[in-house]
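Structure first, commentary second.
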Amino acid sequence: MANSATAVAEQFDDMPQQLEAATLGMWTFLATEILFFGALFLAYIVYRHTYPQAFADASRHTKIIHGTINTALLLTSSFTMSLGIHASQRGRNRALLGFLLVTMFLGCCFLAVKGLEYKSDIHEHLVPGRHFPHEMPVQSQIFWFLYWIMTGVHSVHLIAGIGLLAVIAWMAARERFSAHYHNPVIVSGLYWHFVDVIWVWLYALIYLINRH
Amino acid sequence: MISLSSPTVTVPRKTYLLVWIALLMLLLLNWGLAQLNLGRFNLVATLAIPTAQMFLMIFYLMHVRYNPPLTRVFVAAGFIWFVILIDLTLSDYLTRGDVPGMFRKSWEHGTWPAPVKELPDLPPAPTPKSSSKASQ
């Protein structure tokens, strides 16, 4: 198992140091992701503050059932991802492969539910533009603009995460990881959990505020 | 297959299970509270619960609790820059209209929503007192 791909790279003293560097690199990337989504969250805060009534009206038209199911799906996928990391730390490639496939499946379920939700949103013309329902405040189109861009960009991140896990699963199937070397699994897990953290906030901001 | 040479801290599966249960309970709580009319507490709960979920995920699932200080500093830095982004921007938007006379021109031109209530006319500027500290 200890082939050239799994050995400590020459610039590192040992595996813990190599993993620390990899973790640090991933968090640096995630910090840029925080600012990427942060700009959208900021736009949301500013416009929600400017047009509170229009945003309250708009958020009551979101599909809370879809949103809640999707949150549960993603939280569960983070759990299975963590179990996969645990398996990889023990050098169990078969168990890791199984957990990764379950995690990817839950991610696909999320996208399917999201697709159904998008379909019914489009059916109700909840899209900014000429066909937006006239009985709703004009400014609630800003809410729907943010809804589409934020959930859309999040879904793109989730698709990237599924692709990433597919590569890791392929590597696990080829017995590329061991109790000694599993850095790619841990770093990919960080990305997957991060996408989940973003969704937890989207769920609260889009579906829950001013719901009652 | 248990290896003691693992380069990372192996978090027990029980911890993951408890965190997962806690995350789902918080989700149910957040969903339930959103159905009730609790006045201002609704907003507090809706923002506090995802904060708690985020901390659980970052500290336990993303292992920040077990990471060395350097990694933690990088994690904190990402969020601190985000807070600065929010804070400095809102220090503009939230205070527009608080200072009488400021930005009035931009409202007249319709570049920002009109103020909720008309600004009161400024009281006449107080006449400077003859006996000030500068004269002493």
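Residues in the structure tokens are numbered from 1 in each chain, the chains being A, B, ... in the order shown, and ligands are numbered from 1 in the order shown.
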Do you have, as a Markdown table, the list of residues of chain A lying at most 7 Å from chain B, each with its nearest atom pair and that distance in Å to one decimal, counting only C-alpha atoms and ordered by chain then number?
```
| residue | atom | partner | partner_atom | distance |
| --- | --- | --- | --- | --- |
| A:Met15 | CA | B:Pro7 | CA | 5.9 |
| A:Pro16 | CA | B:Pro7 | CA | 4.6 |
| A:Leu24 | CA | B:Thr71 | CA | 5.6 |
| A:Trp27 | CA | B:Val75 | CA | 6.2 |
| A:Thr28 | CA | B:Phe74 | CA | 6.6 |
| A:Ala31 | CA | B:Gly78 | CA | 4.2 |
| A:Ile34 | CA | B:Gly78 | CA | 6.5 |
| A:Leu35 | CA | B:Phe82 | CA | 6.0 |
| A:Gly38 | CA | B:Phe82 | CA | 6.2 |
| A:Leu42 | CA | B:Ile86 | CA | 6.1 |
| A:Ala72 | CA | B:Leu24 | CA | 6.6 |
| A:Leu75 | CA | B:Trp20 | CA | 6.9 |
| A:Thr76 | CA | B:Trp20 | CA | 6.9 |
| A:Phe79 | CA | B:Trp20 | CA | 6.0 |
| A:Ser82 | CA | B:Leu61 | CA | 6.4 |
| A:Leu83 | CA | B:Arg13 | CA | 6.8 |
| A:His86 | CA | B:Thr10 | CA | 6.6 |
| A:Gln89 | CA | B:Ser6 | CA | 6.4 |
| A:Arg90 | CA | B:Ile2 | CA | 5.5 |
| A:Gly91 | CA | B:Met1 | CA | 6.8 |
| A:Ala179 | CA | B:Ser6 | CA | 5.4 |
| A:His180 | CA | B:Ser6 | CA | 5.2 |
| A:Leu190 | CA | B:Met62 | CA | 5.7 |
| A:His193 | CA | B:Met62 | CA | 6.8 |
| A:Val197 | CA | B:Met54 | CA | 5.8 |
| A:Val200 | CA | B:Pro50 | CA | 6.0 |
| A:Trp201 | CA | B:Pro50 | CA | 6.0 |
| A:Ala204 | CA | B:Thr46 | CA | 6.0 |
| A:Leu208 | CA | B:Ala34 | CA | 5.7 |
| A:Ile209 | CA | B:Leu43 | CA | 6.5 |
| A:Arg211 | CA | B:Ala34 | CA | 5.8 |
| A:His212 | CA | B:Gln35 | CA | 4.9 |
```
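Counting only C-alpha atoms, segment 102-111 of chain A has the following residues at most 9 Å away, ignoring those fewer than 2 positions along the same chain: Ile69, Asn70, Thr71, Leu73, Leu74, Thr76, Ser77, Ser78, Phe79, Thr80, Met81, Gly84, Leu97, Gly98, Phe99, Leu100, Val113, Lys114, Gly115, Leu116, Ser155, Leu158, Ile159, Gly161, Ile162, Gly163, Leu165 and Ala166 of chain A.
Among A:Ala169, A:His61, A:Tyr181, A:Gln139, the residue with the shortest atom-to-atom distance to Glu124 of chain A, counting only C-alpha atoms, is A:His61.
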### Task
Can you pull out every residue within 10 Å of Gln53 of chain A, counting only C-alpha atoms, but drop anything in the same chain fewer than 6 positions away, and send it as a ChimeraX atom specification?
/A:59,137,139-140,210
Filtering to C-alpha atoms, could you give me those residues as a tab-separated table (two decimals), in the first residue's frame?
```tsv
chain	number	residue	atom	x	y	z
A	59	SER	CA	-40.28	34.14	2.17
A	137	PRO	CA	-44.61	43.66	-3.90
A	139	GLN	CA	-39.27	44.57	-4.21
A	140	SER	CA	-39.88	40.91	-3.33
A	210	ASN	CA	-40.85	35.87	9.22
```
### Message
With DSSP run on the backbone, what are the helix (DSSP H, G or I) residues within segment 8-77 of chain B? I'd like them as a VMD selection string.
### Response
chain B and resid 13 to 35 41 to 61 64 to 66 69 to 77
